[in-house]
>>> print(open('query_24.txt').read())   # compact mmCIF, C-alpha atoms and all ligand atoms
# COMPACT_ATOMS: atom_id res chain seq x y z
CA MET A 119 49.92 42.59 35.66
CA ARG A 120 52.61 45.19 36.11
CA ASP A 121 54.96 45.15 39.12
CA LYS A 122 54.50 48.78 40.04
CA ALA A 123 51.37 49.94 41.84
CA LEU A 124 49.27 52.79 40.45
CA SER A 125 47.57 55.30 42.70
CA GLU A 126 43.79 55.15 43.07
CA ASP A 127 43.50 58.48 41.23
CA GLU A 128 45.56 57.24 38.31
CA VAL A 129 43.52 54.06 37.99
CA MET A 130 40.27 56.01 38.19
CA ARG A 131 41.48 58.41 35.52
CA ILE A 132 42.09 55.48 33.17
CA LEU A 133 38.68 54.05 33.98
CA GLU A 134 36.85 57.33 33.49
CA GLU A 135 38.56 57.89 30.17
CA THR A 136 37.66 54.38 29.10
CA ARG A 137 34.07 54.78 30.22
CA SER A 138 33.75 57.92 28.12
CA ARG A 139 34.28 55.73 25.03
CA ASP A 140 31.00 53.91 25.72
CA PHE A 141 27.95 55.21 23.91
CA CYS A 142 25.10 56.87 25.72
CA TYR A 143 21.61 55.47 26.44
CA ASP A 144 19.94 58.67 25.13
CA ARG A 145 20.46 57.50 21.54
CA PHE A 146 19.84 53.75 22.06
CA PHE A 147 16.86 52.24 20.26
CA SER A 148 18.53 48.83 20.11
CA THR A 149 18.66 47.79 23.73
CA MET A 150 16.21 46.10 26.06
CA CYS A 151 18.18 47.38 29.05
CA THR A 152 18.16 50.90 30.41
CA ARG A 153 19.72 53.10 33.06
CA PRO A 154 18.79 51.53 36.38
CA HIS A 155 16.46 53.45 38.65
CA PRO A 156 18.54 55.53 41.15
CA ILE A 157 17.23 53.51 44.10
CA ALA A 158 18.41 50.31 42.38
CA ILE A 159 21.93 51.73 42.22
CA ARG A 160 21.86 52.61 45.93
CA ALA A 161 20.60 49.15 46.86
CA HIS A 162 23.15 47.51 44.56
CA ASP A 163 26.00 49.39 46.25
CA LEU A 164 24.77 48.43 49.72
CA PHE A 165 24.75 44.71 48.90
CA LEU A 166 27.78 44.63 46.60
CA GLU A 167 29.80 42.17 48.70
CA THR A 168 26.97 39.75 49.49
CA ASN A 169 26.95 36.24 48.07
CA LEU A 170 23.67 34.41 47.59
CA GLY A 171 25.67 31.29 46.80
CA ASP A 172 26.19 30.81 50.54
CA PRO A 173 22.92 32.19 51.91
CA GLY A 174 23.54 31.19 55.55
CA LEU A 175 26.24 33.87 55.67
CA PHE A 176 23.91 36.48 54.23
CA PRO A 177 20.45 35.70 55.60
CA GLY A 178 19.35 39.30 55.11
CA VAL A 179 19.78 39.36 51.36
CA ALA A 180 18.62 35.73 51.04
CA ASP A 181 15.35 36.86 52.61
CA LEU A 182 15.14 39.82 50.21
CA GLU A 183 15.58 37.45 47.28
CA GLN A 184 12.62 35.34 48.43
CA GLN A 185 10.55 38.48 48.88
CA VAL A 186 11.37 39.51 45.32
CA VAL A 187 10.38 36.06 44.04
CA HIS A 188 7.09 36.39 45.93
CA MET A 189 6.41 39.87 44.51
CA LEU A 190 7.19 38.66 40.99
CA GLY A 191 4.87 35.70 41.51
CA GLU A 192 2.08 38.01 42.66
CA LEU A 193 2.61 40.14 39.58
CA LEU A 194 2.33 37.05 37.39
CA GLY A 195 -0.74 35.50 38.96
CA CYS A 196 0.63 33.06 41.54
CA ALA A 197 1.99 34.23 44.89
CA ASN A 198 3.21 30.74 45.85
CA VAL A 199 5.87 30.45 43.19
CA ALA A 200 9.33 28.99 43.74
CA GLY A 201 12.29 30.59 42.04
CA TYR A 202 15.39 32.69 42.29
CA ILE A 203 17.10 35.79 40.91
CA SER A 204 19.40 34.74 38.09
CA THR A 205 21.82 36.64 35.91
CA GLY A 206 19.28 37.23 33.15
CA GLY A 207 17.01 35.72 30.55
CA THR A 208 19.58 33.30 29.22
CA GLU A 209 20.24 31.67 32.59
CA SER A 210 16.54 31.58 33.45
CA ASN A 211 15.69 29.92 30.14
CA ILE A 212 18.51 27.38 30.55
CA GLN A 213 17.38 26.51 34.05
CA ALA A 214 13.69 26.27 33.19
CA ILE A 215 14.39 23.81 30.39
CA ARG A 216 16.91 21.92 32.51
CA ALA A 217 14.27 21.54 35.23
CA ALA A 218 11.72 20.33 32.67
CA ARG A 219 14.18 17.81 31.26
CA ASN A 220 15.18 16.54 34.71
CA GLU A 221 11.57 16.36 35.83
CA ALA A 222 10.81 14.24 32.79
CA GLY A 223 13.64 11.96 33.98
CA ARG A 224 15.58 12.29 30.72
CA LYS A 225 19.05 13.26 29.54
CA ASN A 226 18.03 14.02 25.96
CA GLY A 227 14.95 14.60 23.84
CA ASN A 228 13.59 17.72 22.15
CA ILE A 229 11.97 21.05 22.91
CA VAL A 230 9.53 22.87 20.64
CA VAL A 231 10.07 26.62 20.48
CA PRO A 232 8.62 29.34 18.22
CA ALA A 233 10.82 30.30 15.24
CA SER A 234 10.91 33.73 16.92
CA ALA A 235 12.60 32.39 20.07
CA HIS A 236 15.62 34.20 21.48
CA PHE A 237 19.00 32.69 20.58
CA SER A 238 19.41 31.51 24.17
CA PHE A 239 17.37 28.46 23.13
CA ASP A 240 20.06 27.49 20.61
CA LYS A 241 22.58 27.58 23.47
CA ILE A 242 20.19 25.43 25.51
CA GLY A 243 20.00 22.78 22.80
CA ASP A 244 23.76 22.57 22.78
CA LEU A 245 24.24 22.63 26.55
CA LEU A 246 21.46 20.24 27.49
CA CYS A 247 21.76 17.83 24.54
CA LEU A 248 18.25 18.61 23.35
CA GLU A 249 17.06 18.97 19.77
CA VAL A 250 15.53 22.42 19.31
CA ARG A 251 12.51 22.19 17.02
CA LYS A 252 11.35 25.53 15.65
CA ALA A 253 7.65 26.00 14.99
CA ASP A 254 6.38 28.28 12.21
CA LEU A 255 4.84 31.68 12.87
CA ASP A 256 1.48 32.90 11.60
CA GLU A 257 1.01 36.14 9.64
CA ASN A 258 0.99 38.12 12.91
CA LEU A 259 4.33 36.58 13.88
CA LYS A 260 2.79 34.51 16.69
CA VAL A 261 3.64 30.84 16.89
CA ASP A 262 1.32 28.63 14.84
CA LEU A 263 -0.32 26.07 17.11
CA GLY A 264 -0.75 23.52 14.29
CA SER A 265 2.96 23.70 13.58
CA VAL A 266 3.78 23.22 17.28
CA GLU A 267 1.47 20.22 17.48
CA SER A 268 3.08 18.62 14.43
CA LEU A 269 6.54 18.89 16.05
CA VAL A 270 5.60 17.44 19.46
CA ASP A 271 6.29 13.75 20.02
CA GLY A 272 6.99 11.33 22.85
CA ASN A 273 10.50 12.79 23.29
CA THR A 274 9.37 16.37 23.81
CA VAL A 275 10.41 17.57 27.27
CA ALA A 276 9.19 21.16 27.01
CA LEU A 277 7.12 23.58 24.97
CA VAL A 278 8.10 27.24 24.90
CA GLY A 279 5.90 30.27 24.33
CA ILE A 280 7.09 33.86 24.27
CA ALA A 281 5.34 36.77 25.91
CA GLY A 282 7.12 39.64 24.20
CA THR A 283 9.32 38.39 21.39
CA THR A 284 12.78 39.91 21.20
CA GLU A 285 12.39 41.19 17.66
CA PHE A 286 8.70 42.15 17.35
CA GLY A 287 7.35 42.30 20.92
CA GLN A 288 4.61 39.84 19.95
CA VAL A 289 2.81 37.53 22.39
CA ASP A 290 2.30 33.86 21.49
CA PRO A 291 -1.07 32.14 22.07
CA ILE A 292 -0.11 30.90 25.53
CA GLU A 293 -3.57 29.48 26.34
CA GLY A 294 -3.44 27.29 23.22
CA LEU A 295 0.07 26.11 24.10
CA ALA A 296 -1.06 25.42 27.67
CA ARG A 297 -3.95 23.25 26.43
CA LEU A 298 -1.51 21.24 24.37
CA ALA A 299 0.96 20.99 27.27
CA LEU A 300 -1.73 19.75 29.66
CA GLU A 301 -3.10 17.24 27.13
CA ARG A 302 0.37 15.77 26.57
CA GLY A 303 1.68 16.22 30.12
CA ILE A 304 4.56 18.44 28.96
CA HIS A 305 6.22 21.37 30.76
CA LEU A 306 5.29 24.77 29.28
CA HIS A 307 7.86 27.50 29.77
CA VAL A 308 6.93 31.11 29.01
CA ASP A 309 9.79 33.42 28.11
CA ALA A 310 8.66 36.84 29.33
CA ALA A 311 12.18 38.18 29.81
CA PHE A 312 11.07 41.44 28.23
CA GLY A 313 7.27 41.30 28.42
CA GLY A 314 7.00 40.27 32.06
CA PHE A 315 7.21 43.83 33.31
CA VAL A 316 5.12 45.20 30.42
CA LEU A 317 2.09 42.95 29.89
CA PRO A 318 0.66 43.31 33.42
CA PHE A 319 0.41 47.04 32.75
CA LEU A 320 -1.15 46.97 29.27
CA GLU A 321 -4.86 47.21 28.61
CA GLY A 322 -6.58 44.03 27.53
CA ASP A 323 -6.82 40.54 28.90
CA TRP A 324 -3.64 38.85 27.78
CA ARG A 325 -3.98 35.50 29.61
CA TRP A 326 -0.37 34.42 29.43
CA ASP A 327 0.95 34.05 33.01
CA PHE A 328 0.45 31.58 35.90
CA GLN A 329 -3.29 32.29 35.81
CA VAL A 330 -3.27 30.03 32.77
CA LYS A 331 -3.35 26.46 34.00
CA GLY A 332 -0.58 24.59 32.24
CA VAL A 333 2.07 27.33 32.46
CA SER A 334 4.85 25.65 34.46
CA SER A 335 7.61 28.29 34.53
CA ILE A 336 8.25 31.90 33.53
CA THR A 337 11.34 33.98 32.77
CA ILE A 338 10.99 37.67 33.73
CA ASP A 339 13.98 40.01 33.72
CA PRO A 340 14.27 42.86 36.22
CA HIS A 341 17.28 44.17 34.26
CA LYS A 342 15.11 44.87 31.23
CA MET A 343 11.79 46.63 31.91
CA GLY A 344 12.17 46.11 35.68
CA MET A 345 14.61 49.07 35.98
CA SER A 346 17.03 47.04 38.09
CA THR A 347 20.79 46.79 37.76
CA ILE A 348 22.53 44.26 35.48
CA PRO A 349 22.65 41.27 36.08
CA ALA A 350 19.11 40.66 37.33
CA GLY A 351 17.01 37.89 35.84
CA GLY A 352 14.00 36.16 37.31
CA LEU A 353 13.10 32.49 37.12
CA LEU A 354 9.76 31.38 38.53
CA PHE A 355 8.22 27.91 38.83
CA ARG A 356 4.58 27.23 39.59
CA GLY A 357 5.61 24.99 42.49
CA GLN A 358 8.61 23.85 44.48
CA ASP A 359 8.72 20.36 42.85
CA CYS A 360 10.01 21.60 39.54
CA MET A 361 12.62 23.80 41.21
CA ASN A 362 13.76 20.75 43.22
CA ALA A 363 14.65 19.07 39.93
CA LEU A 364 17.55 21.55 39.72
CA GLU A 365 19.07 20.88 43.10
CA THR A 366 22.52 19.53 43.80
CA GLU A 367 24.05 18.77 47.20
CA THR A 368 26.41 21.43 48.44
CA HIS A 369 28.08 19.48 51.29
CA TYR A 370 30.14 22.13 53.09
CA LEU A 371 28.03 25.28 52.51
CA THR A 372 25.59 26.83 54.95
CA LYS A 373 22.68 25.36 52.99
CA ALA A 374 22.70 21.69 52.06
CA ARG A 375 21.21 22.02 48.57
CA GLN A 376 21.43 24.57 45.76
CA ALA A 377 19.17 25.04 42.72
CA SER A 378 20.92 27.97 41.02
CA LEU A 379 23.18 27.50 38.00
CA THR A 380 26.02 29.62 39.29
CA GLY A 381 27.57 28.98 42.69
CA THR A 382 28.85 32.32 43.91
CA ARG A 383 26.31 34.96 42.90
CA SER A 384 25.84 38.55 43.90
CA GLY A 385 22.96 39.59 46.13
CA ALA A 386 23.23 43.12 44.73
CA ALA A 387 20.82 42.63 41.84
CA ALA A 388 18.23 40.95 44.08
CA ALA A 389 18.45 43.90 46.50
CA ALA A 390 18.24 46.37 43.61
CA THR A 391 15.13 44.62 42.27
CA TYR A 392 13.55 44.60 45.72
CA ALA A 393 14.24 48.33 46.06
CA VAL A 394 12.68 49.28 42.70
CA MET A 395 9.61 47.12 43.20
CA ARG A 396 8.93 48.45 46.68
CA HIS A 397 9.70 52.04 45.72
CA LEU A 398 7.68 52.21 42.50
CA GLY A 399 4.87 49.82 43.33
CA ARG A 400 2.35 48.92 40.65
CA GLU A 401 1.51 52.59 40.14
CA GLY A 402 5.13 53.47 39.32
CA PHE A 403 5.47 50.62 36.83
CA GLN A 404 2.12 51.56 35.29
CA GLU A 405 3.40 55.09 34.75
CA MET A 406 6.61 53.84 33.12
CA VAL A 407 4.82 51.47 30.79
CA ASN A 408 2.38 54.26 29.88
CA TYR A 409 5.35 56.48 29.09
CA CYS A 410 7.00 53.83 26.87
CA MET A 411 3.73 53.01 25.10
CA ASP A 412 3.08 56.69 24.49
CA LEU A 413 6.50 56.98 22.84
CA THR A 414 5.73 53.82 20.85
CA ARG A 415 2.51 55.31 19.46
CA HIS A 416 4.30 58.60 18.75
CA LEU A 417 7.06 56.83 16.82
CA THR A 418 4.64 54.62 14.88
CA LEU A 419 2.46 57.58 13.92
CA GLY A 420 5.51 59.60 12.90
CA ALA A 421 6.81 56.70 10.80
CA ARG A 422 3.44 56.38 9.05
CA LYS A 423 3.54 60.10 8.25
CA ILE A 424 6.72 59.51 6.26
CA GLY A 425 5.26 56.46 4.55
CA ILE A 426 6.78 53.72 6.74
CA GLU A 427 4.58 50.97 8.14
CA PRO A 428 5.33 48.61 11.02
CA PHE A 429 5.40 44.83 10.35
CA ILE A 430 2.76 44.34 13.03
CA GLU A 431 0.77 46.85 15.02
CA PRO A 432 3.04 47.23 18.08
CA VAL A 433 1.78 45.23 21.04
CA MET A 434 4.39 46.51 23.45
CA ASN A 435 7.22 49.04 23.23
CA VAL A 436 8.98 47.28 20.36
CA VAL A 437 8.50 48.64 16.84
CA ALA A 438 9.68 46.83 13.69
CA LEU A 439 9.54 49.10 10.68
CA LYS A 440 9.39 48.03 7.04
CA VAL A 441 12.04 50.13 5.36
CA PRO A 442 13.60 49.53 1.95
CA SER A 443 17.28 48.39 2.03
CA THR A 444 17.15 47.95 5.80
CA ALA A 445 20.87 47.27 6.27
CA GLU A 446 21.91 50.43 4.38
CA VAL A 447 19.38 52.59 6.21
CA ARG A 448 20.59 51.19 9.52
CA GLU A 449 24.18 51.99 8.60
CA GLU A 450 23.26 55.59 7.75
CA LEU A 451 21.40 55.93 11.04
CA MET A 452 24.39 54.56 12.94
CA LYS A 453 26.59 57.18 11.24
CA ARG A 454 24.24 59.75 12.77
CA ASP A 455 24.79 58.16 16.18
CA TRP A 456 21.42 56.35 16.36
CA HIS A 457 21.81 52.84 17.71
CA VAL A 458 19.23 50.67 16.00
CA SER A 459 19.10 46.98 15.21
CA MET A 460 17.54 44.74 12.58
CA THR A 461 15.36 41.67 12.75
CA ARG A 462 16.45 38.48 11.02
CA GLU A 463 15.19 37.18 7.67
CA PRO A 464 12.59 36.69 6.27
CA ASN A 465 11.13 39.82 7.90
CA ARG A 466 14.10 42.16 7.77
CA ALA A 467 12.87 45.16 9.75
CA LEU A 468 14.41 48.15 11.45
CA ARG A 469 13.90 47.28 15.11
CA LEU A 470 13.35 50.00 17.67
CA ILE A 471 12.77 49.56 21.39
CA LEU A 472 11.28 52.45 23.29
CA MET A 473 12.74 52.25 26.78
CA THR A 474 12.37 54.78 29.58
CA HIS A 475 15.65 56.47 28.62
CA MET A 476 14.12 57.59 25.29
CA THR A 477 12.42 60.97 24.94
CA ARG A 478 9.80 62.43 22.58
CA GLU A 479 12.38 64.99 21.51
CA ASN A 480 14.83 62.28 20.44
CA VAL A 481 12.10 60.28 18.70
CA ASN A 482 11.33 63.43 16.66
CA LEU A 483 15.01 63.96 15.82
CA PHE A 484 15.30 60.29 14.85
CA LEU A 485 12.26 60.49 12.54
CA LYS A 486 13.68 63.61 10.89
CA ASP A 487 16.97 61.78 10.22
CA LEU A 488 15.15 58.68 9.00
CA GLU A 489 13.10 60.75 6.57
CA GLU A 490 16.23 62.50 5.25
CA ILE A 491 18.02 59.17 4.75
CA LEU A 492 15.06 57.64 2.94
CA ARG A 493 14.74 60.67 0.63
CA SER A 494 18.45 60.81 -0.24
N1 LIG A 501 14.46 36.05 26.16
C1 LIG A 501 14.05 37.12 25.50
C2 LIG A 501 12.62 37.19 25.00
C3 LIG A 501 14.94 38.18 25.26
O1 LIG A 501 14.54 39.24 24.57
C4 LIG A 501 16.27 38.07 25.74
C5 LIG A 501 17.28 39.15 25.50
C6 LIG A 501 16.63 36.91 26.45
C7 LIG A 501 15.70 35.91 26.64
C8 LIG A 501 18.01 36.75 27.02
O2 LIG A 501 18.20 37.62 28.07
P1 LIG A 501 19.67 38.02 28.60
O3 LIG A 501 20.31 38.81 27.50
O4 LIG A 501 19.36 38.81 29.82
O5 LIG A 501 20.38 36.77 28.90
N2 LIG A 501 16.92 40.18 24.66
C9 LIG A 501 17.80 41.25 24.24
C10 LIG A 501 18.31 40.93 22.84
O6 LIG A 501 18.95 39.90 22.62
C11 LIG A 501 18.96 41.46 25.15
C12 LIG A 501 19.71 42.70 24.86
C13 LIG A 501 19.84 43.65 25.85
C14 LIG A 501 20.36 42.92 23.66
C15 LIG A 501 20.58 44.77 25.62
C16 LIG A 501 21.10 44.06 23.42
C17 LIG A 501 21.20 44.99 24.41
O7 LIG A 501 21.95 46.14 24.18
O8 LIG A 501 18.05 41.75 21.98
>>> encode(input="query_24.txt", output="structure tokens", more="lines below")
Ligand code: 0PR
Amino acid sequence: MRDKALSEDEVMRILEETRSRDFCYDRFFSTMCTRPHPIAIRAHDLFLETNLGDPGLFPGVADLEQQVVHMLGELLGCANVAGYISTGGTESNIQAIRAARNEAGRKNGNIVVPASAHFSFDKIGDLLCLEVRKADLDENLKVDLGSVESLVDGNTVALVGIAGTTEFGQVDPIEGLARLALERGIHLHVDAAFGGFVLPFLEGDWRWDFQVKGVSSITIDPHKMGMSTIPAGGLLFRGQDCMNALETETHYLTKARQASLTGTRSGAAAAATYAVMRHLGREGFQEMVNYCMDLTRHLTLGARKIGIEPFIEPVMNVVALKVPSTAEVREELMKRDWHVSMTREPNRALRLILMTHMTRENVNLFLKDLEEILRS
């Protein structure tokens, strides 16, 4: 740090200049986050200095957090859930598996996850001293139940299913996993970090949430399709018992026990999530998901018109296109200021996420550029 103070204006000038180097959401197809809803920003500002790590000092926001947990539980088929607002999908996944491991009374063992699982599960293996066993996918890129069954043994502390895979937006056969979990008495965690705010608003009977007996915990991220501010993650347990397996004593704080991973944690994201959920209601989220799905169909149709097929028929607003020389095509698109990503081998696809910041106009411009690149 320098000795001399800088005026507020000077510091803000530096920050504004720096901020202008960041890219703009309008051209992002690669992100599962989006611009927060304006009411989320207002709520975030209002609760900026609150700390949920010491909830007795901030009973107002602590109450809001529990109301958010309750609303999320209602959305996912069980109003009596226990849980908290975390920093995102990674923390929620870590904590769900940690709870499962502790509940099983173990310090090691294994978890069985789909090969399509988010990389947070590799971190979990390392952090929690668990072997991460990856089950094969079927031709629709859902986890293969036979493969899962063959990997489960007496040391398995949790099974994981994904409701909205990061790369393809696919939904695993959660009912099949739940049957297996119940038969073997194993915790089933569903990672719906992305899909949690999408699936309840899609047509069809998905049967993936707490309505399925055997689902023990769910990750659902308000900072993805929930339009909240970063960092807002959601971790829900079917009952309080499992959440208790995360608790430590906190001696000198206003509350004697704490289940969250981080100690000091902002109440801003919980307040922002509360604000969006109350302000939009189910009807507002329905409208947003309709908008994203409409864009998804528009993009898929447009891609087909130029001879490009998706790997799977999009289930949610994630499209993975089969293009030749994916890495080169992606590079050319990036040169034209389109931010796109790729899925991993063996299904190397151009991965596009249609969030609320995307527009039909930009999808059309993107398709025009993609066609030009493929023809050149
Ligand atoms: N589970 C699933 C199914 C996810 O898709 C993700 C993140 C996580 C867990 C982890 O969530 P956090 O990143 O909140 O800890 N999926 C996106 C991804 O890895 C996250 C992302 C968001 C990536 C914005 C890029 C980006 O610009 O692709």
>>> atom_distance(input="query_24.txt", atom1="CA of Val250 (chain A)", atom2="CA of Met434 (chain A)")
26.9 Å
>>> residues_near_ligand(input="query_24.txt", ligand="ligand LIG 501 (chain A)", cutoff="9 Å", atoms="only C-alpha atoms and all ligand atoms", output="compact mmCIF listing (two decimals) with C-alpha atoms, in the frame of the given file")
# COMPACT_ATOMS: atom_id res chain seq x y z
CA PHE A 146 19.84 53.75 22.06
CA PHE A 147 16.86 52.24 20.26
CA SER A 148 18.53 48.83 20.11
CA THR A 149 18.66 47.79 23.73
CA MET A 150 16.21 46.10 26.06
CA CYS A 151 18.18 47.38 29.05
CA THR A 152 18.16 50.90 30.41
CA THR A 205 21.82 36.64 35.91
CA GLY A 206 19.28 37.23 33.15
CA GLY A 207 17.01 35.72 30.55
CA THR A 208 19.58 33.30 29.22
CA GLU A 209 20.24 31.67 32.59
CA SER A 210 16.54 31.58 33.45
CA ASN A 211 15.69 29.92 30.14
CA SER A 234 10.91 33.73 16.92
CA ALA A 235 12.60 32.39 20.07
CA HIS A 236 15.62 34.20 21.48
CA PHE A 237 19.00 32.69 20.58
CA SER A 238 19.41 31.51 24.17
CA PHE A 239 17.37 28.46 23.13
CA ILE A 280 7.09 33.86 24.27
CA ALA A 281 5.34 36.77 25.91
CA GLY A 282 7.12 39.64 24.20
CA THR A 283 9.32 38.39 21.39
CA THR A 284 12.78 39.91 21.20
CA GLU A 285 12.39 41.19 17.66
CA GLY A 287 7.35 42.30 20.92
CA ASP A 309 9.79 33.42 28.11
CA ALA A 310 8.66 36.84 29.33
CA ALA A 311 12.18 38.18 29.81
CA PHE A 312 11.07 41.44 28.23
CA GLY A 313 7.27 41.30 28.42
CA THR A 337 11.34 33.98 32.77
CA ILE A 338 10.99 37.67 33.73
CA ASP A 339 13.98 40.01 33.72
CA HIS A 341 17.28 44.17 34.26
CA LYS A 342 15.11 44.87 31.23
CA ILE A 348 22.53 44.26 35.48
CA PRO A 349 22.65 41.27 36.08
CA ALA A 350 19.11 40.66 37.33
CA GLY A 351 17.01 37.89 35.84
CA SER A 459 19.10 46.98 15.21
>>> atom_distance(input="query_24.txt", atom1="CA of Glu490 (chain A)", atom2="CA of Ile424 (chain A)")
10.0 Å
>>> closest_residue(input="query_24.txt", among="A:Ser443, A:Ser268, A:Asn169, A:Gln213", to="Ala377 (chain A)", atoms="all atoms listed in the file")
A:Gln213
>>> residues_around(input="query_24.txt", residues="Gly420 (chain A)", least_positions_apart="4", cutoff="8 Å", atoms="only C-alpha atoms", output="list in words")
His416, Ile424, Asn482 and Leu485 of chain A
>>> closest_residue(input="query_24.txt", among="A:Val441, A:Ile292, A:Ile215, A:Leu379", to="Phe328 (chain A)", atoms="all atoms listed in the file")
A:Ile292
>>> residues_near_point(input="query_24.txt", point="(12.4, 33.0, 50.6)", cutoff="12 Å", atoms="only C-alpha atoms", output="list in words")
Leu170, Pro173, Pro177, Gly178, Val179, Ala180, Asp181, Leu182, Glu183, Gln184, Gln185, Val186, Val187, His188, Met189, Ala197, Asn198, Val199, Ala200, Gly201, Tyr202, Ile203, Gln358 and Ala388 of chain A
>>> residues_near_point(input="query_24.txt", point="(26.6, 57.2, 24.3)", cutoff="12 Å", atoms="all atoms listed in the file", output="PyMOL selection string")
chain A and resi 137-147+153+452+455-457+475
>>> build_atoms(input="query_24.txt", residues="region 277-283 of chain A", atoms="all heavy atoms", output="PDB file, keeping the file's coordinate frame")
ATOM      1  N   LEU A 277       7.609  22.641  25.981  1.00  0.00           N
ATOM      2  CA  LEU A 277       7.120  23.580  24.970  1.00  0.00           C
ATOM      3  C   LEU A 277       7.500  24.963  25.470  1.00  0.00           C
ATOM      4  O   LEU A 277       7.516  25.207  26.681  1.00  0.00           O
ATOM      5  CB  LEU A 277       5.604  23.538  24.852  1.00  0.00           C
ATOM      6  CG  LEU A 277       4.918  22.251  24.439  1.00  0.00           C
ATOM      7  CD1 LEU A 277       3.415  22.496  24.321  1.00  0.00           C
ATOM      8  CD2 LEU A 277       5.483  21.780  23.120  1.00  0.00           C
ATOM      9  N   VAL A 278       7.766  25.868  24.517  1.00  0.00           N
ATOM     10  CA  VAL A 278       8.100  27.240  24.900  1.00  0.00           C
ATOM     11  C   VAL A 278       7.171  28.207  24.178  1.00  0.00           C
ATOM     12  O   VAL A 278       6.937  28.064  22.968  1.00  0.00           O
ATOM     13  CB  VAL A 278       9.576  27.564  24.559  1.00  0.00           C
ATOM     14  CG1 VAL A 278       9.884  29.044  24.820  1.00  0.00           C
ATOM     15  CG2 VAL A 278      10.527  26.682  25.363  1.00  0.00           C
ATOM     16  N   GLY A 279       6.649  29.165  24.923  1.00  0.00           N
ATOM     17  CA  GLY A 279       5.900  30.270  24.330  1.00  0.00           C
ATOM     18  C   GLY A 279       6.577  31.554  24.751  1.00  0.00           C
ATOM     19  O   GLY A 279       7.241  31.596  25.790  1.00  0.00           O
ATOM     20  N   ILE A 280       6.410  32.603  23.942  1.00  0.00           N
ATOM     21  CA  ILE A 280       7.090  33.860  24.270  1.00  0.00           C
ATOM     22  C   ILE A 280       6.066  34.962  24.498  1.00  0.00           C
ATOM     23  O   ILE A 280       5.157  35.152  23.685  1.00  0.00           O
ATOM     24  CB  ILE A 280       8.057  34.269  23.137  1.00  0.00           C
ATOM     25  CG1 ILE A 280       8.947  33.078  22.774  1.00  0.00           C
ATOM     26  CG2 ILE A 280       8.929  35.448  23.570  1.00  0.00           C
ATOM     27  CD1 ILE A 280       9.735  33.291  21.521  1.00  0.00           C
ATOM     28  N   ALA A 281       6.215  35.645  25.606  1.00  0.00           N
ATOM     29  CA  ALA A 281       5.340  36.770  25.910  1.00  0.00           C
ATOM     30  C   ALA A 281       6.185  38.031  25.769  1.00  0.00           C
ATOM     31  O   ALA A 281       6.764  38.514  26.739  1.00  0.00           O
ATOM     32  CB  ALA A 281       4.762  36.622  27.311  1.00  0.00           C
ATOM     33  N   GLY A 282       6.278  38.492  24.519  1.00  0.00           N
ATOM     34  CA  GLY A 282       7.120  39.640  24.200  1.00  0.00           C
ATOM     35  C   GLY A 282       8.350  39.164  23.452  1.00  0.00           C
ATOM     36  O   GLY A 282       9.430  39.011  24.045  1.00  0.00           O
ATOM     37  N   THR A 283       8.177  38.920  22.141  1.00  0.00           N
ATOM     38  CA  THR A 283       9.320  38.390  21.390  1.00  0.00           C
ATOM     39  C   THR A 283      10.403  39.467  21.261  1.00  0.00           C
ATOM     40  O   THR A 283      10.100  40.657  21.198  1.00  0.00           O
ATOM     41  CB  THR A 283       8.899  37.896  19.984  1.00  0.00           C
ATOM     42  OG1 THR A 283       8.296  38.991  19.268  1.00  0.00           O
ATOM     43  CG2 THR A 283       7.923  36.742  20.068  1.00  0.00           C
TER      44      THR A 283
END
